Amino acid sequence: MHDMVIRGGKVYDGTGTEPVMADIAIDGDRITVVGAVTAPGREEIDASGKIVTPGFVDVHTHFDGQVTWDPLLAPSSYHGVTTVVTGNCGVGFAPCKAEQRDWLIGLMEGVEDIPGTALHAGIQWDWETFPEYLDTLEKKPLALDVGTQIPHGAVRAYVMGQRGADHDTATADEIARMADIVSEAIRAGALGFTTSRTEKHKDAKGVLTPTITAHEDELLGIARAVGNTGTGVLQGISDFYNFDAEFALFKKMARESGRPISLTVEQQDARPEWWTQLLDGVSAAQAEGVQMYGQVPPRATGVLLGLTASLNPFLLHEVYHEIAALPLQEQVAVMRTAEFRERLLNSKVIDLGHPLLNEILYSYHKLFRLREPVNYEPDPRDSFAEQATAQGVTAQELIYDALLEKDGRALLYHPLFNYEHGNLDHVKTMLDHPYTFSGLGDAGAHCGALCDASFPTTLIQHWGRDRTRGAKIPLQKLIKMQTSETAERLGLLDRGVLKPGYKADINVIDYDALAVLEPEIVYDLPANGRRLVQKAVGYEATVISGKVAFRHGESTGQLNGKLLRGCQPAPL
């Protein structure tokens with residue numbers, strides 16, 4: 001008798017091959033048979049009419065704080081994710097001296113839009129060094145497996161103190177100390193080292209991330225230290241304003257360390273061609289034997305706007321400031337009066353001189369209603385700008401009325417990046433590139449503006465089944481993209497494949513019914529902190545380490561996850 005048998009499903013094994021009808025037997029936390037299973041299971045799952053996939057591996061999350069208080073790690077757990085990796089973009093909470101805790105929380109709050117009050121209330125600090133942080137996580141109950149990376153921002157502050165936060169140049173001794181700390185973290189179980197060099201990343205006070213001006217000597221010294229461990233990856237994000245010099249720096253980090261590096265790739269309207277230049281550079285580096293990859297999203301990076309969100313299109317209107325601090329119900333009551341509506345629609349706009357913010361708030365040709373079923377490739381003809389022209393009114397009038405739907409809880413969708421031409425053709429080019437992999441969902445972050453933790457569902461639902469405005473992608477390839485492929489990029493070779501000997505992390509999915517639901521604002525973080533969550537339908541069962549951890553996206557109470565210490569070897 002097997003511990004579990006999943007019977008009669010269409011099995012996509014995660015390698016990109018065609019699916020087969022098969023049973024899967026599980027014993028302990030491992031797959032033991034894929035094929036015809038005659039022996040019974042102590043627990044059986046009928047997968048007739050369903051697809052069966054490996055559990056999804058999300059390599060780009062920001063659960064660094066949430067993992068210390070939330071074993072379920074929602075919203076990722078709603079979307080078939082069985083392994084998450086934290087510590088991306090150079091931000092995190094270890095190493096950290098006691099007097100630096102507030103500063104690190106402020107950095108995470110500013111960069112990733114996670115409420116500082118929730119982090120202050122939720123994190124119970126009982127570590128200083130990165131190995132001690134890992135020891136803390138290892139003791140936590142977890143439903144999902146969690147891998148970590150060591151963030152440059154925390155390392156710089158730990159070694160340099162205020163000088164690090166103030167963007168001073170590190171001395172040779174300080175670089176050596178940073179290298180030792182990163183090396184120690186990798187040997188203790190960190191999967192890699194991450195850094196940020198983008199102006200989009202600022203702390204809660206508006207100060208640029210401390211790593212943006214780090215000198216080449218600092219980055220190369222740390223990269224070599226990672227290389228000396230013989231394991232681990234590098235990850236970075238940059239604006240690439242001086243493309244040649246900046247790309248050469250990342251390339252040198254990969255070359256001199258001998259370790260793979262991945263870089264964020266997104267199309268931006270203000271610089272519409274730089275992403276192709278970046279991918280061309282990645283291809284050229286690979287041709288030279290340098291392991292460089294692009295991390296790409298499976299849809300637009302979409303900002304959600306609304307009265308309950310961090311941003312709304314009237315945020316910088318002078319008249320709106322009269323009610324901005326009121327409770328939602330009172331705001332809505334005032335906004336429903338004709339007198340206030342007229343005043344707000346004719347009020348002066350405060351220009352903060354922030355191009356990206358202006359683009360988000362006022363690009364009405366890229367602003368859409370967000371309704372179920374959620375459509376992440378909306379037709380430009382459905383934008384507020386086009387609808388206003390068709391109806392002979394202003395876009396602001398339509399937006400005003402839309403914000404009051406659902407008693408003021410309605411959310412609007414602005415596909416900020418990757419939507420230059422009003423479709424996802426750029427994204428398909430990114431996904432089809434030979435040296436990219438799917439990521440950038442930022443689960444656990446951007447609590448009042450983005451909800452891209454649903455990327456795994458979008459990848460297989462939209463690209464495999466629902467897309468009508470361009471070519472689809474074969475489902476077996478899509479499943480590989482977020483199982484064996486993402487696992488391999490981080491050295492997690494024991495998962496992402498449905499074959500004997502591999503870890504029994506498995507999804508049973510009603511593919512015909514699979515859909516993402518509309519995002520919603522909830523207040524369930526510590527200290528009643530706000531965040532966006534998005535659920536899905538169609539995930540019949542998610543198995544983690546041989547036990548059903550989630551049914552229909554909801555926890556069964558099984559906490560079978562664990563901390564991953566370093567790369568995981570492939571089955572023999």
# chains A, B, ... in the order shown; residues from 1 in each chain; ligands from 1
>>> residues_around(residues="Arg551 in chain A", least_positions_apart="5", cutoff="9 Å", atoms="only C-alpha atoms", output="JSON, numbers by chain")
{"A": [539, 540, 541, 542, 543, 556]}
>>> write_last_selection(atoms="C-alpha atoms", output="JSON list (two decimals), in the first residue's frame")
[["chain", "number", "residue", "atom", "x", "y", "z"],
["A", 539, "TYR", "CA", -6.74, 24.19, -7.73],
["A", 540, "GLU", "CA", -8.34, 20.97, -6.52],
["A", 541, "ALA", "CA", -5.42, 19.88, -4.36],
["A", 542, "THR", "CA", -1.86, 21.01, -3.68],
["A", 543, "VAL", "CA", 0.41, 18.33, -2.24],
["A", 556, "THR", "CA", -5.91, 21.67, 5.30]]
>>> select_by_dssp(residues="range 287-341 of chain A", states="strand (DSSP E)", output="ChimeraX atom specification")
/A:292-296,301-305
>>> residues_around(residues="His552 in chain A", least_positions_apart="3", cutoff="12 Å", atoms="only C-alpha atoms", output="mmCIF file with N, CA and C atoms, in the first residue's frame")
data_model
loop_
_atom_site.group_PDB
_atom_site.id
_atom_site.type_symbol
_atom_site.label_atom_id
_atom_site.label_comp_id
_atom_site.auth_asym_id
_atom_site.auth_seq_id
_atom_site.Cartn_x
_atom_site.Cartn_y
_atom_site.Cartn_z
ATOM 1 N N SER A 77 0.037 30.750 -1.769
ATOM 2 C CA SER A 77 -0.551 29.433 -1.533
ATOM 3 C C SER A 77 -1.891 29.258 -2.242
ATOM 4 N N TYR A 78 -2.506 30.347 -2.700
ATOM 5 C CA TYR A 78 -3.740 30.223 -3.472
ATOM 6 C C TYR A 78 -3.479 29.806 -4.915
ATOM 7 N N HIS A 79 -2.217 29.800 -5.342
ATOM 8 C CA HIS A 79 -1.903 29.671 -6.766
ATOM 9 C C HIS A 79 -0.964 28.504 -7.067
ATOM 10 N N GLY A 80 -1.070 27.444 -6.307
ATOM 11 C CA GLY A 80 -0.324 26.231 -6.616
ATOM 12 C C GLY A 80 1.156 26.303 -6.341
ATOM 13 N N ASN A 507 0.409 19.536 -7.956
ATOM 14 C CA ASN A 507 -0.895 20.193 -8.092
ATOM 15 C C ASN A 507 -1.845 19.317 -8.897
ATOM 16 N N VAL A 508 -3.069 19.201 -8.424
ATOM 17 C CA VAL A 508 -4.167 18.609 -9.189
ATOM 18 C C VAL A 508 -5.104 19.759 -9.541
ATOM 19 N N ILE A 509 -5.250 20.027 -10.851
ATOM 20 C CA ILE A 509 -5.912 21.255 -11.298
ATOM 21 C C ILE A 509 -7.070 20.936 -12.235
ATOM 22 N N ASP A 510 -8.215 21.529 -11.955
ATOM 23 C CA ASP A 510 -9.337 21.509 -12.896
ATOM 24 C C ASP A 510 -9.052 22.614 -13.908
ATOM 25 N N ALA A 513 -11.705 24.922 -15.397
ATOM 26 C CA ALA A 513 -12.308 25.897 -14.485
ATOM 27 C C ALA A 513 -11.294 26.907 -13.957
ATOM 28 N N LEU A 514 -10.025 26.726 -14.278
ATOM 29 C CA LEU A 514 -8.982 27.562 -13.687
ATOM 30 C C LEU A 514 -9.182 29.037 -14.017
ATOM 31 N N ALA A 515 -9.165 29.877 -12.988
ATOM 32 C CA ALA A 515 -9.336 31.312 -13.199
ATOM 33 C C ALA A 515 -8.822 32.067 -11.981
ATOM 34 N N LYS A 535 -7.327 35.423 -5.004
ATOM 35 C CA LYS A 535 -7.515 33.983 -4.971
ATOM 36 C C LYS A 535 -7.735 33.451 -6.387
ATOM 37 N N ALA A 536 -7.839 32.140 -6.487
ATOM 38 C CA ALA A 536 -8.086 31.482 -7.765
ATOM 39 C C ALA A 536 -9.047 30.334 -7.539
ATOM 40 N N VAL A 537 -9.687 29.915 -8.602
ATOM 41 C CA VAL A 537 -10.471 28.680 -8.577
ATOM 42 C C VAL A 537 -9.834 27.704 -9.554
ATOM 43 N N GLY A 538 -9.983 26.421 -9.247
ATOM 44 C CA GLY A 538 -9.454 25.383 -10.125
ATOM 45 C C GLY A 538 -8.372 24.532 -9.493
ATOM 46 N N TYR A 539 -7.765 24.998 -8.395
ATOM 47 C CA TYR A 539 -6.741 24.187 -7.733
ATOM 48 C C TYR A 539 -7.437 23.198 -6.796
ATOM 49 N N GLU A 540 -7.624 21.986 -7.292
ATOM 50 C CA GLU A 540 -8.339 20.971 -6.523
ATOM 51 C C GLU A 540 -7.548 20.538 -5.296
ATOM 52 N N ALA A 541 -6.266 20.309 -5.479
ATOM 53 C CA ALA A 541 -5.420 19.879 -4.359
ATOM 54 C C ALA A 541 -3.984 20.278 -4.641
ATOM 55 N N THR A 542 -3.292 20.728 -3.607
ATOM 56 C CA THR A 542 -1.864 21.005 -3.681
ATOM 57 C C THR A 542 -1.173 20.156 -2.630
ATOM 58 N N VAL A 543 -0.315 19.265 -3.103
ATOM 59 C CA VAL A 543 0.407 18.326 -2.242
ATOM 60 C C VAL A 543 1.806 18.862 -2.006
ATOM 61 N N VAL A 548 -1.499 16.516 1.478
ATOM 62 C CA VAL A 548 -2.340 17.559 0.899
ATOM 63 C C VAL A 548 -2.316 18.761 1.830
ATOM 64 N N ALA A 549 -1.694 19.827 1.369
ATOM 65 C CA ALA A 549 -1.569 21.040 2.172
ATOM 66 C C ALA A 549 -2.706 22.018 1.914
ATOM 67 N N SER A 555 -6.081 26.069 3.295
ATOM 68 C CA SER A 555 -5.207 25.189 4.053
ATOM 69 C C SER A 555 -5.978 24.017 4.658
ATOM 70 N N THR A 556 -5.363 22.845 4.619
ATOM 71 C CA THR A 556 -5.910 21.666 5.299
ATOM 72 C C THR A 556 -5.385 21.552 6.723
#
>>> closest_residue(among="A:Phe384, A:Tyr502, A:Tyr376, A:Phe250", to="Gly236 in chain A", atoms="only C-alpha atoms")
A:Phe250
>>> closest_residue(among="A:Asp126, A:Gln568, A:Gly116, A:Ala504", to="Lys205 in chain A", atoms="only C-alpha atoms")
A:Gly116
>>> select_by_dssp(residues="range 240-476 of chain A", states="alpha helix (DSSP H)", output="PDB file with C-alpha atoms, in the first residue's frame")
ATOM      1  CA  PHE A 243      23.718  50.509 -20.462  1.00  0.00           C
ATOM      2  CA  ASP A 244      27.186  49.486 -21.601  1.00  0.00           C
ATOM      3  CA  ALA A 245      28.900  50.172 -18.288  1.00  0.00           C
ATOM      4  CA  GLU A 246      26.102  48.768 -16.147  1.00  0.00           C
ATOM      5  CA  PHE A 247      25.675  45.582 -18.143  1.00  0.00           C
ATOM      6  CA  ALA A 248      29.446  45.087 -18.202  1.00  0.00           C
ATOM      7  CA  LEU A 249      29.455  45.251 -14.389  1.00  0.00           C
ATOM      8  CA  PHE A 250      26.837  42.520 -14.008  1.00  0.00           C
ATOM      9  CA  LYS A 251      28.556  40.449 -16.663  1.00  0.00           C
ATOM     10  CA  LYS A 252      31.842  40.775 -14.818  1.00  0.00           C
ATOM     11  CA  MET A 253      30.141  39.636 -11.601  1.00  0.00           C
ATOM     12  CA  ALA A 254      28.952  36.483 -13.347  1.00  0.00           C
ATOM     13  CA  ARG A 255      32.245  35.868 -15.141  1.00  0.00           C
ATOM     14  CA  GLU A 256      34.539  36.365 -12.161  1.00  0.00           C
ATOM     15  CA  SER A 257      32.339  34.409  -9.751  1.00  0.00           C
ATOM     16  CA  TRP A 274      16.153  48.950 -23.642  1.00  0.00           C
ATOM     17  CA  TRP A 275      14.681  45.550 -22.715  1.00  0.00           C
ATOM     18  CA  THR A 276      15.617  44.133 -26.122  1.00  0.00           C
ATOM     19  CA  GLN A 277      19.125  45.525 -25.682  1.00  0.00           C
ATOM     20  CA  LEU A 278      19.307  43.755 -22.323  1.00  0.00           C
ATOM     21  CA  LEU A 279      18.199  40.418 -23.758  1.00  0.00           C
ATOM     22  CA  ASP A 280      20.629  40.782 -26.653  1.00  0.00           C
ATOM     23  CA  GLY A 281      23.384  41.308 -24.090  1.00  0.00           C
ATOM     24  CA  VAL A 282      22.306  38.209 -22.202  1.00  0.00           C
ATOM     25  CA  SER A 283      22.417  36.135 -25.398  1.00  0.00           C
ATOM     26  CA  ALA A 284      25.889  37.455 -26.275  1.00  0.00           C
ATOM     27  CA  ALA A 285      27.150  36.667 -22.779  1.00  0.00           C
ATOM     28  CA  GLN A 286      25.800  33.127 -22.965  1.00  0.00           C
ATOM     29  CA  ALA A 287      27.595  32.677 -26.291  1.00  0.00           C
ATOM     30  CA  LEU A 328     -13.823  54.901   3.307  1.00  0.00           C
ATOM     31  CA  GLN A 329     -17.559  55.064   4.012  1.00  0.00           C
ATOM     32  CA  GLU A 330     -17.359  58.793   4.722  1.00  0.00           C
ATOM     33  CA  GLN A 331     -15.196  59.406   1.646  1.00  0.00           C
ATOM     34  CA  VAL A 332     -17.747  57.664  -0.548  1.00  0.00           C
ATOM     35  CA  ALA A 333     -20.641  59.600   0.960  1.00  0.00           C
ATOM     36  CA  VAL A 334     -18.944  62.917   0.206  1.00  0.00           C
ATOM     37  CA  MET A 335     -17.883  61.851  -3.299  1.00  0.00           C
ATOM     38  CA  ALA A 338     -22.902  66.542  -6.925  1.00  0.00           C
ATOM     39  CA  GLU A 339     -21.208  69.568  -5.346  1.00  0.00           C
ATOM     40  CA  PHE A 340     -18.035  67.674  -4.377  1.00  0.00           C
ATOM     41  CA  ARG A 341     -17.943  65.809  -7.694  1.00  0.00           C
ATOM     42  CA  GLU A 342     -17.916  69.082  -9.631  1.00  0.00           C
ATOM     43  CA  ARG A 343     -15.286  70.636  -7.383  1.00  0.00           C
ATOM     44  CA  LEU A 344     -12.966  67.618  -7.564  1.00  0.00           C
ATOM     45  CA  LEU A 345     -13.248  67.205 -11.321  1.00  0.00           C
ATOM     46  CA  PRO A 355       7.397  61.077 -14.201  1.00  0.00           C
ATOM     47  CA  LEU A 356       6.654  57.490 -13.186  1.00  0.00           C
ATOM     48  CA  LEU A 357       3.937  58.563 -10.738  1.00  0.00           C
ATOM     49  CA  ASN A 358       2.416  60.856 -13.357  1.00  0.00           C
ATOM     50  CA  GLU A 359       2.414  57.977 -15.826  1.00  0.00           C
ATOM     51  CA  ILE A 360       0.552  55.750 -13.366  1.00  0.00           C
ATOM     52  CA  LEU A 361      -2.021  58.348 -12.354  1.00  0.00           C
ATOM     53  CA  TYR A 362      -2.777  60.035 -15.657  1.00  0.00           C
ATOM     54  CA  PHE A 384     -11.087  54.997 -19.913  1.00  0.00           C
ATOM     55  CA  ALA A 385      -9.655  57.300 -22.575  1.00  0.00           C
ATOM     56  CA  GLU A 386     -11.299  55.432 -25.460  1.00  0.00           C
ATOM     57  CA  GLN A 387     -14.562  54.880 -23.583  1.00  0.00           C
ATOM     58  CA  ALA A 388     -14.723  58.583 -22.732  1.00  0.00           C
ATOM     59  CA  THR A 389     -14.267  59.554 -26.378  1.00  0.00           C
ATOM     60  CA  ALA A 390     -16.987  57.137 -27.426  1.00  0.00           C
ATOM     61  CA  GLN A 391     -19.410  58.489 -24.816  1.00  0.00           C
ATOM     62  CA  ALA A 395     -12.021  60.167 -18.818  1.00  0.00           C
ATOM     63  CA  GLN A 396     -11.956  61.724 -15.350  1.00  0.00           C
ATOM     64  CA  GLU A 397     -15.756  61.600 -15.172  1.00  0.00           C
ATOM     65  CA  LEU A 398     -15.819  57.884 -15.959  1.00  0.00           C
ATOM     66  CA  ILE A 399     -12.967  57.192 -13.540  1.00  0.00           C
ATOM     67  CA  TYR A 400     -14.722  59.106 -10.766  1.00  0.00           C
ATOM     68  CA  ASP A 401     -17.845  57.004 -11.137  1.00  0.00           C
ATOM     69  CA  ALA A 402     -15.854  53.763 -11.412  1.00  0.00           C
ATOM     70  CA  LEU A 403     -14.019  54.452  -8.142  1.00  0.00           C
ATOM     71  CA  GLU A 405     -18.454  51.143  -7.490  1.00  0.00           C
ATOM     72  CA  LYS A 406     -18.584  48.429  -4.832  1.00  0.00           C
ATOM     73  CA  ASP A 407     -19.100  51.151  -2.219  1.00  0.00           C
ATOM     74  CA  GLY A 408     -15.682  52.579  -3.005  1.00  0.00           C
ATOM     75  CA  ASP A 425       3.281  40.516 -27.518  1.00  0.00           C
ATOM     76  CA  HIS A 426       6.421  41.873 -25.816  1.00  0.00           C
ATOM     77  CA  VAL A 427       5.857  39.469 -22.944  1.00  0.00           C
ATOM     78  CA  LYS A 428       5.613  36.543 -25.335  1.00  0.00           C
ATOM     79  CA  THR A 429       8.965  37.546 -26.849  1.00  0.00           C
ATOM     80  CA  MET A 430      10.430  37.586 -23.350  1.00  0.00           C
ATOM     81  CA  LEU A 431       8.943  34.208 -22.414  1.00  0.00           C
ATOM     82  CA  ASP A 432      10.159  32.622 -25.660  1.00  0.00           C
ATOM     83  CA  PHE A 455       1.526  35.163 -11.983  1.00  0.00           C
ATOM     84  CA  PRO A 456       1.683  31.323 -11.819  1.00  0.00           C
ATOM     85  CA  THR A 457      -2.024  31.035 -12.565  1.00  0.00           C
ATOM     86  CA  THR A 458      -1.889  33.629 -15.338  1.00  0.00           C
ATOM     87  CA  LEU A 459       1.010  31.820 -16.964  1.00  0.00           C
ATOM     88  CA  ILE A 460      -0.898  28.596 -17.550  1.00  0.00           C
ATOM     89  CA  GLN A 461      -4.441  29.989 -17.800  1.00  0.00           C
ATOM     90  CA  LEU A 475       0.814  24.080 -21.873  1.00  0.00           C
ATOM     91  CA  GLN A 476       3.642  21.604 -21.313  1.00  0.00           C
TER      92      GLN A 476
END
>>> closest_residue(among="A:Asp269, A:Glu99, A:Glu138, A:Glu488", to="Tyr158 in chain A", atoms="only C-alpha atoms")
A:Glu99
>>> residues_around(residues="Arg7 in chain A", least_positions_apart="3", cutoff="6 Å", atoms="only C-alpha atoms", output="ChimeraX atom specification")
/A:23,46-47
>>> write_last_selection(atoms="C-alpha atoms", output="mmCIF file, in the first residue's frame")
data_model
loop_
_atom_site.group_PDB
_atom_site.id
_atom_site.type_symbol
_atom_site.label_atom_id
_atom_site.label_comp_id
_atom_site.auth_asym_id
_atom_site.auth_seq_id
_atom_site.Cartn_x
_atom_site.Cartn_y
_atom_site.Cartn_z
ATOM 1 C CA ASP A 23 -1.372 7.468 -11.859
ATOM 2 C CA ASP A 46 -9.324 11.108 -8.135
ATOM 3 C CA ALA A 47 -7.739 13.257 -10.853
#
>>> atom_distance(atom1="CA of Ile105 in chain A", atom2="CA of His60 in chain A")
19.0 Å
>>> atom_distance(atom1="CA of Gly491 in chain A", atom2="CA of Gly221 in chain A")
22.3 Å
>>> residues_around(residues="range 303-319 of chain A", least_positions_apart="6", cutoff="7 Å", atoms="only C-alpha atoms", output="number ranges by chain")
A: 343-344, 347-350, 361-362, 403, 408-416, 448-450, 521
>>> write_last_selection(atoms="C-alpha atoms", output="short mmCIF file (atom, residue, chain, number, x, y, z; two decimals), in the first residue's frame")
data_model
loop_
_atom_site.label_atom_id
_atom_site.label_comp_id
_atom_site.auth_asym_id
_atom_site.auth_seq_id
_atom_site.Cartn_x
_atom_site.Cartn_y
_atom_site.Cartn_z
CA ARG A 343 -15.29 70.64 -7.38
CA LEU A 344 -12.97 67.62 -7.56
CA SER A 347 -9.65 71.07 -9.08
CA LYS A 348 -5.97 71.82 -9.58
CA VAL A 349 -3.55 68.92 -9.85
CA ILE A 350 -0.39 68.99 -7.75
CA LEU A 361 -2.02 58.35 -12.35
CA TYR A 362 -2.78 60.04 -15.66
CA LEU A 403 -14.02 54.45 -8.14
CA GLY A 408 -15.68 52.58 -3.00
CA ARG A 409 -13.84 49.25 -3.00
CA ALA A 410 -13.54 48.95 -6.80
CA LEU A 411 -10.02 48.65 -8.21
CA LEU A 412 -8.76 49.92 -11.56
CA TYR A 413 -5.95 48.31 -13.53
CA HIS A 414 -2.98 50.10 -15.08
CA PRO A 415 -0.58 47.81 -16.99
CA LEU A 416 2.48 49.90 -16.27
CA GLY A 448 -1.38 48.56 -1.64
CA ALA A 449 -0.52 48.76 -5.33
CA LEU A 450 0.28 45.43 -7.02
CA ILE A 521 -7.93 44.77 -0.21
#
>>> residues_around(residues="Cys447 in chain A", least_positions_apart="6", cutoff="10 Å", atoms="only C-alpha atoms", output="PyMOL selection string")
chain A and resi 109+112-115+309-310+521-522+525+529-533
>>> closest_residue(among="A:Asp168, A:Asp524, A:Asp494, A:Glu518", to="Asp70 in chain A", atoms="only C-alpha atoms")
A:Asp524
